[in-house]
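> Provided herewith is a single structure, encoded as structure tokens, for subsequent inquiry.
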Amino acid sequence: MIDIIITTYKTDDYLDRLLESLLPNKLINKIIVSDGEEKEIEVSKNIFKDTNVIRLSDNKRKYFSENCNYGFQYVTSEYLVLINADTKVSDPNWLDILLKTQNENSDYGILSPWGVFYDEPKLTNKTEVEEQNHIGAFCWFMKSELFRKLNGLRIDGDYIHWNSDFEFCDRVYKEGLKIGWAPTTIAHKGGGSGQPTDIKRF
């Protein structure tokens, strides 16, 4: 029912912890690890604790935007979670809550859990979705068809790494859909997903 794309760049320590925290969740169809590193490896598929995990890489350095789109080519489920490697589950019911919130609020294109401290995660006391103009893409939940319809994230110019998530939010609003925080949490380190040193921040 839900495919998860994990974008990663030299973050295997975080990745292992994230994978452990994601499992076992029966709503997950498969986990797609999209690696932004320059590696000459082919698609690898394996079963990790009864869950399908696909790890992707090639011989090309991919920044955030392209890396997300690269992973999306393997999405087949109705719903998509786009998540950074430097996160881990803090609320065991997070996916159930995101799915329930989406079903009850079909006018929302993107839902995100509240980000809480990675080392001292706490559950939110929020009970309703809260609309926002933009939410950074550290953890997005949406229908896969929306990401497909909008042709993914922009990968040119200013949007190669830094601003494509906010630009995508703008396009979601142009579709007549909203963006908001859902009443659940995900632990987020922040800055642990691998920052590029070879491009300018716009």
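Residue numbers start at 1 in each chain; chains themselves are named A, B, ... in the order of the structure tokens; ligands are numbered from 1 in the order shown.
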As a PyMOL selection string, which residues of segment 23-200 of chain A does DSSP assign to alpha helix (DSSP H)?
chain A and resi 64-72+94-104+144-149+164-174
> Write a file of the selected residues as a tab-separated table (two decimals), in the first residue's frame, keeping C-alpha atoms.

chain	number	residue	atom	x	y	z
A	64	PHE	CA	18.68	15.76	-3.59
A	65	SER	CA	16.15	16.55	-6.31
A	66	GLU	CA	17.41	14.08	-8.88
A	67	ASN	CA	17.96	11.47	-6.19
A	68	CYS	CA	14.28	11.62	-5.18
A	69	ASN	CA	13.15	11.31	-8.80
A	70	TYR	CA	15.62	8.47	-9.34
A	71	GLY	CA	14.04	6.45	-6.54
A	72	PHE	CA	10.50	7.20	-7.70
A	94	TRP	CA	2.96	7.15	12.32
A	95	LEU	CA	2.04	5.51	9.01
A	96	ASP	CA	-1.42	4.53	10.21
A	97	ILE	CA	-2.01	8.12	11.33
A	98	LEU	CA	-0.72	9.58	8.06
A	99	LEU	CA	-2.95	7.26	6.02
A	100	LYS	CA	-5.98	7.95	8.23
A	101	THR	CA	-5.35	11.71	8.07
A	102	GLN	CA	-5.08	11.57	4.28
A	103	ASN	CA	-8.31	9.60	3.96
A	104	GLU	CA	-10.12	12.11	6.18
A	144	SER	CA	2.11	8.55	-5.75
A	145	GLU	CA	-0.05	9.80	-8.60
A	146	LEU	CA	0.42	13.40	-7.43
A	147	PHE	CA	4.22	13.12	-7.55
A	148	ARG	CA	3.91	11.51	-11.00
A	149	LYS	CA	1.45	14.12	-12.28
A	164	SER	CA	13.03	22.04	-5.00
A	165	ASP	CA	10.85	20.90	-2.09
A	166	PHE	CA	9.40	24.40	-1.57
A	167	GLU	CA	8.92	24.82	-5.31
A	168	PHE	CA	7.09	21.48	-5.38
A	169	CYS	CA	4.83	22.70	-2.56
A	170	ASP	CA	3.94	25.73	-4.69
A	171	ARG	CA	2.89	23.41	-7.53
A	172	VAL	CA	0.80	21.32	-5.14
A	173	TYR	CA	-1.10	24.46	-4.15
A	174	LYS	CA	-1.63	25.32	-7.81
> Using only C-alpha atoms, which protein or nucleic acid residues come within 7 Å of Glu78 of chain A? Drop anything in the same chain fewer than 2 positions from it, and give the result as a PDB file with N, CA and C atoms, in the first residue's frame.

ATOM      1  N   MET A   1       0.818  -1.211   0.000  1.00  0.00           N
ATOM      2  CA  MET A   1       0.000   0.000   0.000  1.00  0.00           C
ATOM      3  C   MET A   1       0.853   1.262   0.000  1.00  0.00           C
ATOM      4  N   ILE A   2       2.000   1.230   0.682  1.00  0.00           N
ATOM      5  CA  ILE A   2       2.865   2.405   0.786  1.00  0.00           C
ATOM      6  C   ILE A   2       4.286   2.030   0.400  1.00  0.00           C
ATOM      7  N   THR A  76       5.455   1.687  -6.992  1.00  0.00           N
ATOM      8  CA  THR A  76       4.278   1.059  -7.604  1.00  0.00           C
ATOM      9  C   THR A  76       3.044   1.149  -6.717  1.00  0.00           C
ATOM     10  N   LEU A  80       3.044   7.158  -1.250  1.00  0.00           N
ATOM     11  CA  LEU A  80       4.498   7.339  -1.238  1.00  0.00           C
ATOM     12  C   LEU A  80       4.914   8.094   0.017  1.00  0.00           C
ATOM     13  N   LYS A 143      -0.033  10.866  -2.244  1.00  0.00           N
ATOM     14  CA  LYS A 143      -0.394   9.881  -3.248  1.00  0.00           C
ATOM     15  C   LYS A 143       0.682   9.864  -4.328  1.00  0.00           C
ATOM     16  N   SER A 144       1.070   8.675  -4.733  1.00  0.00           N
ATOM     17  CA  SER A 144       2.109   8.548  -5.751  1.00  0.00           C
ATOM     18  C   SER A 144       1.707   9.239  -7.046  1.00  0.00           C
TER      19      SER A 144
END
> Listing only residues of segment 62-94 of chain A within 7 Å of segment 184-188 of chain A, what is the closest atom pair and its distance in Å (to one decimal) for each, using only C-alpha atoms, sorted by chain and residue number ascending, as a Markdown table?

| residue | atom | partner | partner_atom | distance |
| --- | --- | --- | --- | --- |
| A:Asp86 | CA | A:His188 | CA | 6.0 |
| A:Thr87 | CA | A:His188 | CA | 4.4 |
| A:Lys88 | CA | A:Ala187 | CA | 5.2 |
| A:Val89 | CA | A:Ile186 | CA | 5.3 |
| A:Ser90 | CA | A:Ile186 | CA | 5.2 |
| A:Asp91 | CA | A:Thr185 | CA | 5.9 |
| A:Trp94 | CA | A:Thr184 | CA | 5.7 |
> Once you have the residues from the selection above, write them out as a tab-separated table (two decimals), in the first residue's frame, restricted to C-alpha atoms.

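File produced: out_4.tsv:
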chain	number	residue	atom	x	y	z
A	86	ASP	CA	18.78	10.96	9.10
A	87	THR	CA	15.34	10.18	10.49
A	88	LYS	CA	13.89	7.33	12.52
A	89	VAL	CA	10.45	6.32	13.68
A	90	SER	CA	9.44	7.95	16.96
A	91	ASP	CA	5.71	7.10	16.84
A	94	TRP	CA	2.96	7.15	12.32
> Which is closer to Lys62 of chain A than all the others in A:Tyr74, A:Asn105, A:Ile160, A:Cys139, using only C-alpha atoms?
A:Ile160
> From the options A:Gly190, A:Ala182, A:Pro24, A:Leu56, which residue's atoms come nearest to Asn125 of chain A, counting only C-alpha atoms?
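Closest to Asn125 of chain A of all the choices is A:Ala182.
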> If you run DSSP over the backbone, which residues in segment 133-165 of chain A end up strand (DSSP E or B)? Put them as a ChimeraX atom specification.
/A:139-143
> Could you write out that same residue set with C-alpha atoms as an mmCIF file, in the first residue's frame?

data_model
loop_
_atom_site.group_PDB
_atom_site.id
_atom_site.type_symbol
_atom_site.label_atom_id
_atom_site.label_comp_id
_atom_site.auth_asym_id
_atom_site.auth_seq_id
_atom_site.Cartn_x
_atom_site.Cartn_y
_atom_site.Cartn_z
ATOM 1 C CA CYS A 139 9.355 13.339 5.470
ATOM 2 C CA TRP A 140 6.475 13.697 3.021
ATOM 3 C CA PHE A 141 3.414 11.471 2.653
ATOM 4 C CA MET A 142 1.362 11.766 -0.520
ATOM 5 C CA LYS A 143 -0.394 9.881 -3.248
#
> Quick one: pull the distance between atom CA of Asp158 of chain A and atom CA of Phe138 of chain A, Å, one decimal.
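Atom CA of Phe138 of chain A lies 18.6 Å from atom CA of Asp158 of chain A.
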> Interatomic distance between atom CA of Leu82 of chain A and atom CA of Lys126 of chain A?
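Computed distance, atom CA of Leu82 of chain A to atom CA of Lys126 of chain A, equals 22.0 Å.
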> Would you mind reading off the distance between atom CA of Leu111 of chain A and atom CA of Val129 of chain A, one decimal, in Å?
8.3 Å
> Within 12 Å of Asn29 of chain A, counting only C-alpha atoms, which residues show up once you throw out same-chain ones fewer than 6 positions away? Write them as a list of chain:residue names, please.
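So the residues in contact are A:Met1, A:Ile2, A:Asp3, A:Ile4, A:Ile5, A:Leu22, A:Leu23, A:Ile47, A:Asp50, A:Thr51, A:Asn52, A:Val53, A:Ile54, A:Tyr74, A:Val75, A:Thr76, A:Ser77, A:Glu78, A:Tyr79, A:Leu80, A:Val81.
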